[in-house]
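Undergrad: You'll find entry.csv just under this line, and it carries CSV, C-alpha atoms.
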```csv
chain,number,residue,atom,x,y,z
A,1,MET,CA,-27.5,6.3,46.8
A,2,GLY,CA,-25.9,3.8,49.1
A,3,ASN,CA,-22.4,2.4,49.7
A,4,ASP,CA,-23.2,-0.4,47.1
A,5,LEU,CA,-22.7,2.1,44.3
A,6,TYR,CA,-19.4,3.3,45.5
A,7,ARG,CA,-18.1,-0.2,46.3
A,8,ALA,CA,-18.9,-1.1,42.7
A,9,MET,CA,-17.3,2.1,41.2
A,10,LEU,CA,-14.3,3.0,43.4
A,11,ASP,CA,-11.1,1.1,44.3
A,12,LYS,CA,-11.0,-1.2,47.4
A,13,SER,CA,-10.1,1.8,49.7
A,14,LEU,CA,-13.3,3.6,48.6
A,15,THR,CA,-11.4,6.7,47.7
A,16,TYR,CA,-13.7,9.2,45.9
A,17,SER,CA,-11.1,11.7,44.8
A,18,CYS,CA,-8.4,12.0,42.1
A,19,GLY,CA,-5.7,9.4,42.0
A,20,TYR,CA,-2.0,10.2,41.3
A,21,TRP,CA,-1.1,8.3,38.1
A,22,ARG,CA,2.6,9.4,37.6
A,23,LYS,CA,3.9,5.9,38.3
A,24,ALA,CA,0.6,4.0,38.6
A,25,ASN,CA,-0.9,1.4,36.3
A,26,THR,CA,-4.1,0.7,38.2
A,27,LEU,CA,-6.7,2.8,40.0
A,28,GLU,CA,-5.8,1.1,43.3
A,29,GLN,CA,-2.1,2.0,42.8
A,30,ALA,CA,-3.0,5.6,41.8
A,31,GLN,CA,-5.0,6.1,45.0
A,32,GLU,CA,-2.2,4.6,47.2
A,33,HIS,CA,0.3,6.8,45.4
A,34,LYS,CA,-1.9,9.8,46.1
A,35,PHE,CA,-2.0,8.9,49.8
A,36,ASP,CA,1.7,8.5,49.9
A,37,LEU,CA,2.3,11.7,48.1
A,38,ILE,CA,0.3,13.6,50.7
A,39,CYS,CA,2.1,11.9,53.6
A,40,ARG,CA,5.5,12.8,52.1
A,41,LYS,CA,4.4,16.4,51.4
A,42,LEU,CA,3.5,16.7,55.1
A,43,ASN,CA,6.6,14.9,56.2
A,44,LEU,CA,4.6,12.7,58.5
A,45,GLN,CA,6.4,11.4,61.6
A,46,PRO,CA,5.4,8.5,63.9
A,47,GLY,CA,3.2,9.6,66.8
A,48,GLN,CA,1.8,12.7,65.1
A,49,LYS,CA,-1.9,13.5,65.2
A,50,ILE,CA,-3.5,14.3,61.9
A,51,LEU,CA,-6.9,15.9,61.1
A,52,ASP,CA,-8.7,14.8,57.9
A,53,MET,CA,-11.4,17.4,57.2
A,54,GLY,CA,-14.0,15.5,55.1
A,55,CYS,CA,-12.6,12.0,55.5
A,56,GLY,CA,-14.9,10.1,53.3
A,57,TRP,CA,-14.6,6.4,54.0
A,58,GLY,CA,-11.3,6.8,55.8
A,59,GLY,CA,-8.9,5.6,53.1
A,60,PHE,CA,-6.3,8.3,53.6
A,61,MET,CA,-6.3,7.9,57.4
A,62,LYS,CA,-6.1,4.1,57.2
A,63,TYR,CA,-3.0,4.4,54.8
A,64,ALA,CA,-1.3,7.0,57.0
A,65,ALA,CA,-1.9,5.1,60.2
A,66,GLU,CA,-0.6,1.8,58.7
A,67,HIS,CA,2.4,3.2,56.8
A,68,TYR,CA,3.5,6.3,58.8
A,69,GLN,CA,2.4,5.3,62.4
A,70,VAL,CA,0.3,8.4,63.0
A,71,SER,CA,-3.1,8.8,64.7
A,72,CYS,CA,-6.0,10.5,62.9
A,73,VAL,CA,-9.3,12.2,63.5
A,74,GLY,CA,-11.6,12.3,60.6
A,75,ILE,CA,-14.8,14.3,60.2
A,76,THR,CA,-17.8,13.7,57.9
A,77,LEU,CA,-21.4,14.8,57.6
A,78,SER,CA,-22.5,11.5,55.9
A,79,ASP,CA,-24.2,8.9,58.1
A,80,GLU,CA,-23.4,6.2,55.5
A,81,GLN,CA,-19.7,7.1,55.4
A,82,HIS,CA,-19.5,7.4,59.2
A,83,ALA,CA,-20.9,4.0,59.8
A,84,LEU,CA,-18.8,2.2,57.1
A,85,SER,CA,-15.6,4.0,57.8
A,86,GLN,CA,-15.6,3.0,61.4
A,87,SER,CA,-15.7,-0.7,60.5
A,88,LEU,CA,-13.0,-0.2,57.8
A,89,CYS,CA,-10.6,1.5,60.3
A,90,THR,CA,-11.1,-1.0,63.1
A,91,ASN,CA,-8.0,-1.6,65.4
A,92,LEU,CA,-6.2,1.5,64.1
A,93,PRO,CA,-5.6,4.8,66.0
A,94,ILE,CA,-8.4,6.5,64.1
A,95,GLU,CA,-11.4,8.4,65.4
A,96,ILE,CA,-14.2,9.3,63.0
A,97,ARG,CA,-16.7,11.9,64.0
A,98,LEU,CA,-20.0,12.9,62.5
A,99,ILE,CA,-19.7,16.6,63.0
A,100,ASP,CA,-19.5,19.9,61.1
A,101,TYR,CA,-16.0,21.3,60.6
A,102,ARG,CA,-17.0,24.5,62.2
A,103,ASN,CA,-17.4,22.7,65.5
A,104,LEU,CA,-13.8,21.7,65.7
A,105,ASN,CA,-11.9,23.1,68.7
A,106,GLU,CA,-8.6,21.3,69.1
A,107,THR,CA,-5.1,21.3,67.5
A,108,PHE,CA,-3.3,18.8,65.3
A,109,ASP,CA,0.2,18.4,64.0
A,110,HIS,CA,-1.0,18.5,60.4
A,111,ILE,CA,-4.3,18.8,58.5
A,112,VAL,CA,-5.5,17.2,55.3
A,113,SER,CA,-8.5,18.1,53.3
A,114,VAL,CA,-9.1,15.9,50.2
A,115,GLY,CA,-12.1,16.7,48.0
A,116,MET,CA,-14.1,18.6,50.6
A,117,PHE,CA,-13.4,22.2,49.7
A,118,GLU,CA,-15.5,21.9,46.6
A,119,HIS,CA,-18.5,21.5,48.9
A,120,VAL,CA,-17.9,24.4,51.2
A,121,GLY,CA,-19.3,27.2,49.0
A,122,TYR,CA,-17.7,30.6,48.2
A,123,LYS,CA,-19.4,32.3,51.2
A,124,ASN,CA,-17.6,29.9,53.6
A,125,TYR,CA,-14.0,29.8,52.1
A,126,VAL,CA,-12.6,32.3,54.6
A,127,ASP,CA,-14.3,30.6,57.5
A,128,TYR,CA,-13.0,27.2,56.4
A,129,MET,CA,-9.4,28.5,56.3
A,130,SER,CA,-9.9,30.2,59.7
A,131,VAL,CA,-11.0,26.9,61.2
A,132,ALA,CA,-8.0,25.1,59.7
A,133,ARG,CA,-5.6,27.7,61.1
A,134,LYS,CA,-7.2,27.5,64.5
A,135,CYS,CA,-6.8,23.7,64.5
A,136,LEU,CA,-3.2,23.6,63.2
A,137,LYS,CA,-0.2,23.7,65.4
A,138,ASP,CA,2.2,26.6,64.7
A,139,ASP,CA,4.8,24.4,63.0
A,140,GLY,CA,2.3,22.2,61.2
A,141,LEU,CA,1.2,22.0,57.5
A,142,PHE,CA,-2.2,22.0,55.9
A,143,LEU,CA,-2.6,20.2,52.6
A,144,LEU,CA,-5.6,21.2,50.6
A,145,HIS,CA,-6.5,18.8,47.7
A,146,THR,CA,-9.3,20.3,45.6
A,147,ILE,CA,-10.8,20.5,42.2
A,148,GLY,CA,-10.5,24.0,40.8
A,149,GLY,CA,-12.0,26.1,38.1
A,150,ASN,CA,-10.3,28.5,35.6
A,151,ARG,CA,-12.8,31.3,36.5
A,152,SER,CA,-14.2,32.6,39.8
A,153,VAL,CA,-17.8,31.7,40.1
A,154,ILE,CA,-20.6,31.9,42.7
A,155,ASN,CA,-22.9,29.3,41.1
A,156,VAL,CA,-22.7,25.9,39.5
A,157,ASP,CA,-24.1,23.9,36.6
A,158,PRO,CA,-27.9,23.5,37.3
A,159,TRP,CA,-28.0,19.8,36.4
A,160,MET,CA,-24.9,19.0,38.5
A,161,GLU,CA,-26.4,21.0,41.4
A,162,LYS,CA,-29.8,19.2,41.2
A,163,TYR,CA,-28.7,15.6,40.7
A,164,ILE,CA,-25.1,15.0,41.7
A,165,PHE,CA,-23.5,17.6,44.1
A,166,PRO,CA,-26.1,19.9,45.8
A,167,GLY,CA,-24.1,22.9,47.0
A,168,GLY,CA,-21.0,21.9,45.1
A,169,MET,CA,-18.8,24.7,43.8
A,170,LEU,CA,-15.3,24.8,42.2
A,171,PRO,CA,-13.0,27.4,43.7
A,172,SER,CA,-10.6,29.4,41.5
A,173,ILE,CA,-7.0,30.2,42.4
A,174,LYS,CA,-8.1,33.8,42.9
A,175,GLN,CA,-10.8,32.7,45.5
A,176,ILE,CA,-8.4,30.4,47.3
A,177,GLY,CA,-5.7,33.1,47.4
A,178,LYS,CA,-8.2,35.6,48.8
A,179,ALA,CA,-9.3,33.0,51.5
A,180,ILE,CA,-5.8,32.3,52.7
A,181,GLU,CA,-4.7,36.0,52.8
A,182,ASP,CA,-3.5,36.9,56.3
A,183,THR,CA,-4.3,33.3,57.3
A,184,PHE,CA,-1.8,31.0,55.6
A,185,ILE,CA,1.5,31.2,53.7
A,186,LEU,CA,1.5,29.3,50.4
A,187,GLU,CA,4.4,26.8,50.4
A,188,ASP,CA,3.6,24.7,47.3
A,189,LEU,CA,1.1,24.3,44.5
A,190,HIS,CA,0.9,21.1,42.5
A,191,SER,CA,-1.5,20.9,39.5
A,192,PHE,CA,-2.3,17.5,38.0
A,193,GLY,CA,-5.8,17.7,36.5
A,194,ALA,CA,-5.1,15.3,33.7
A,195,ASP,CA,-4.9,12.6,36.4
A,196,TYR,CA,-8.6,13.2,37.1
A,197,ASP,CA,-9.6,12.3,33.5
A,198,ARG,CA,-7.9,8.9,34.0
A,199,THR,CA,-9.5,8.5,37.4
A,200,LEU,CA,-13.0,9.2,36.2
A,201,MET,CA,-12.6,6.9,33.2
A,202,SER,CA,-11.5,4.1,35.6
A,203,TRP,CA,-14.6,4.8,37.8
A,204,PHE,CA,-16.8,4.6,34.7
A,205,ASP,CA,-15.3,1.3,33.7
A,206,ASN,CA,-15.8,-0.1,37.2
A,207,PHE,CA,-19.4,1.3,37.3
A,208,LYS,CA,-20.2,-0.2,33.9
A,209,ALA,CA,-18.7,-3.6,34.8
A,210,GLY,CA,-20.4,-3.7,38.2
A,211,TRP,CA,-23.8,-2.4,37.1
A,212,SER,CA,-25.4,-5.9,37.0
A,213,SER,CA,-24.6,-6.4,40.7
A,214,ILE,CA,-26.4,-3.2,41.8
A,215,ALA,CA,-29.0,-2.6,39.0
A,216,GLY,CA,-31.8,-4.0,41.3
A,217,ASN,CA,-31.3,-0.9,43.6
A,218,TYR,CA,-31.5,1.7,40.8
A,219,ASP,CA,-32.9,2.0,37.3
A,220,GLU,CA,-31.9,2.8,33.7
A,221,ARG,CA,-32.5,6.5,34.2
A,222,PHE,CA,-30.0,6.5,37.0
A,223,TYR,CA,-27.5,4.6,34.9
A,224,ARG,CA,-27.7,7.2,32.1
A,225,MET,CA,-27.5,10.0,34.6
A,226,TRP,CA,-24.5,8.6,36.4
A,227,LYS,CA,-22.7,7.8,33.1
A,228,TYR,CA,-23.3,11.4,31.9
A,229,TYR,CA,-21.9,12.7,35.2
A,230,LEU,CA,-18.7,10.6,35.0
A,231,MET,CA,-18.1,11.1,31.3
A,232,SER,CA,-18.8,14.8,31.2
A,233,CYS,CA,-16.5,15.4,34.2
A,234,ALA,CA,-13.7,13.4,32.5
A,235,GLY,CA,-14.2,15.6,29.4
A,236,ALA,CA,-14.0,18.8,31.6
A,237,PHE,CA,-10.6,17.7,32.9
A,238,ARG,CA,-9.4,16.4,29.5
A,239,SER,CA,-10.2,19.8,28.0
A,240,CYS,CA,-8.5,21.7,30.9
A,241,GLU,CA,-11.8,23.3,31.8
A,242,ASN,CA,-11.4,21.8,35.3
A,243,GLN,CA,-8.2,21.6,37.3
A,244,LEU,CA,-6.9,19.5,40.3
A,245,TRP,CA,-4.6,21.2,42.8
A,246,GLN,CA,-2.7,20.1,45.9
A,247,ILE,CA,-1.8,23.1,47.9
A,248,VAL,CA,0.5,23.0,50.9
A,249,LEU,CA,0.0,25.8,53.4
A,250,SER,CA,1.8,26.9,56.6
A,251,LYS,CA,0.9,29.3,59.4
A,252,ASN,CA,4.2,31.1,59.7
A,253,GLY,CA,6.4,29.9,56.9
A,254,ILE,CA,9.1,27.1,56.9
A,255,PHE,CA,12.5,28.0,58.2
A,256,GLY,CA,14.9,27.4,55.3
A,257,GLY,CA,12.1,26.9,52.9
A,258,TYR,CA,9.7,24.1,51.9
A,259,MET,CA,11.1,21.4,49.7
A,260,SER,CA,8.5,20.4,47.1
A,261,VAL,CA,7.6,16.8,46.7
A,262,ARG,CA,6.3,15.1,43.6
```
Could you express the structure from this file as structure tokens?
TA:
Amino acid sequence: MGNDLYRAMLDKSLTYSCGYWRKANTLEQAQEHKFDLICRKLNLQPGQKILDMGCGWGGFMKYAAEHYQVSCVGITLSDEQHALSQSLCTNLPIEIRLIDYRNLNETFDHIVSVGMFEHVGYKNYVDYMSVARKCLKDDGLFLLHTIGGNRSVINVDPWMEKYIFPGGMLPSIKQIGKAIEDTFILEDLHSFGADYDRTLMSWFDNFKAGWSSIAGNYDERFYRMWKYYLMSCAGAFRSCENQLWQIVLSKNGIFGGYMSVR
């Protein structure tokens, strides 16, 4: 799959994660509101340096740099994302690196991880949190945005594993709790899985409307497969089988307490 598919399906910021629909009427608004929600939860201040673990095409970093005057470092393992995100973030204080998160060895004021934890795998949950702690300043916050499951699992749906997300796995609250034990303090947990139903249906509408422009690069089998993926995932969120969580973590706790943001 190439960037053409995602340009047809996603909003203009190429954000491949759940939007925040509380006051949004369009997919573009929902993604911008999600970005702003994250910035407010972290209380971003001008001049701070932010790490985006699994930065995708750089949508969050671009928003944060433009609206909150911060600098960002994003990491990805995708050659396609790395190449395109660099052009999308031109002339902004943003650095995008093609590296594994385990190779990070510097500190940041805050850390964001949106839609990456689902691809880490249960064997690596503790290591992931350890890297985040190592890279976070003592007074910083780590916001984890992840799809979650109602049960703790160590395997995935075989069809989804083969065709859509090889190595993908949904963590449970129990697994996340175990991974942050003795590593982070839980400051806030925000659940809004119903918003992913609406996000996925918007993606499907875009995919369907834009299919004629990309059909030459794919085939009808792919169309049916991709439709099944989007619609079945929407159904999983609609039935509350899947969840969407934003979790705010600190290393040592917040003096006076953390004020939840919605």
Undergrad: Go ahead and find all residues with at least one atom no further than 6 Å from (-19.8, 16.7, 60.2) in the file's coordinates, using only C-alpha atoms; report them as a JSON list (two decimals) with C-alpha atoms, in the coordinates of the input.
TA:
```
[["chain", "number", "residue", "atom", "x", "y", "z"],
["A", 75, "ILE", "CA", -14.80, 14.30, 60.20],
["A", 76, "THR", "CA", -17.80, 13.70, 57.90],
["A", 77, "LEU", "CA", -21.40, 14.80, 57.60],
["A", 98, "LEU", "CA", -20.00, 12.90, 62.50],
["A", 99, "ILE", "CA", -19.70, 16.60, 63.00],
["A", 100, "ASP", "CA", -19.50, 19.90, 61.10],
["A", 101, "TYR", "CA", -16.00, 21.30, 60.60]]
```
Undergrad: Using only C-alpha atoms, which of the listed residues (A:Gly216, A:Gly74, A:Gly149, A:Gly115) sits closest to Gly19 (chain A)?
TA: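 Of A:Gly216, A:Gly74, A:Gly149, A:Gly115, the one nearest Gly19 (chain A) is A:Gly115, counting only C-alpha atoms.
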Undergrad: Just checking: using only C-alpha atoms, which residue out of A:Ile154, A:Ile185, A:Cys135, A:Met225 ends up closest to Asp109 (chain A)?
TA: A:Cys135
Undergrad: Would you list the residues near (-15.3, 26.1, 52.2), meaning any protein, DNA or RNA residue with an atom at most 12 Å from that point in file coordinates, counting all atoms listed in the file, as JSON, numbers by chain?
TA: {"A": [53, 54, 100, 101, 102, 113, 115, 116, 117, 118, 119, 120, 121, 122, 123, 124, 125, 126, 127, 128, 129, 130, 131, 132, 144, 146, 167, 168, 169, 170, 171, 175, 176, 179, 180]}
Undergrad: Which residues, written as a PDB file with C-alpha atoms, keeping the file's coordinate frame, have at least one atom at most 6 Å from His110 (chain A), with all atoms listed in the file counted and residues fewer than 6 positions away on the same chain left out?
TA:
```pdb
ATOM      1  CA  ILE A  50      -3.500  14.300  61.900  1.00  0.00           C
ATOM      2  CA  GLY A 140       2.300  22.200  61.200  1.00  0.00           C
ATOM      3  CA  LEU A 141       1.200  22.000  57.500  1.00  0.00           C
ATOM      4  CA  PHE A 142      -2.200  22.000  55.900  1.00  0.00           C
TER       5      PHE A 142
END
```
Undergrad: Give me the residues near Asp197 (chain A) as a list in words, where near means some atom within 6 Å (using only C-alpha atoms) and where sequence neighbours in that chain fewer than 2 positions away do not count.
TA: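 Here the qualifying residues turn out to be Ala194, Asp195, Thr199, Leu200, Ala234, Phe237 and Arg238 of chain A.
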Undergrad: Can you pull out every residue within 10 Å of Cys72 (chain A), counting all atoms listed in the file, but drop anything in the same chain fewer than 6 positions away, and send it as a list in words?
TA: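 With the cut-off at 10 Å, the set is Gln48, Lys49, Ile50, Leu51, Asp52, Gly58, Phe60, Met61, Lys62, Ala64, Ala65, Leu92, Pro93, Ile94, Glu95, Ile96, Phe108, His110 and Ile111 of chain A.
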Undergrad: Using all atoms listed in the file, which residue out of A:Asn206, A:Ser152, A:Ser213, A:Ser71 lies closest to Gly47 (chain A)?
TA: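 Closest candidate: A:Ser71.
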Undergrad: Could you tell me how far CA of Ala8 (chain A) lies from CA of Ala215 (chain A), in Å and to one decimal?
TA: 10.9 Å
Undergrad: Quick one: which region 12-60 of chain A residues come within 9 Å of region 246-251 of chain A, and what is the nearest atom pair for each with the distance in Å to one decimal, counting all atoms listed in the file, rows ordered by chain and ascending number, as a tab-separated table?
TA:
```
residue	atom	partner	partner_atom	distance
A:Ile38	CA	A:Gln246	CA	8.6
A:Lys41	CA	A:Val248	CA	7.7
A:Leu42	CA	A:Val248	CA	8.1
```
Undergrad: Can you list, as an MDAnalysis selection string, every protein, DNA or RNA residue that comes within 12 Å of His33 (chain A) when you count all atoms listed in the file, leaving out same-chain residues fewer than 4 positions away?
TA: chainID A and resid 15 18:29 37:40 60 63:64 195 262
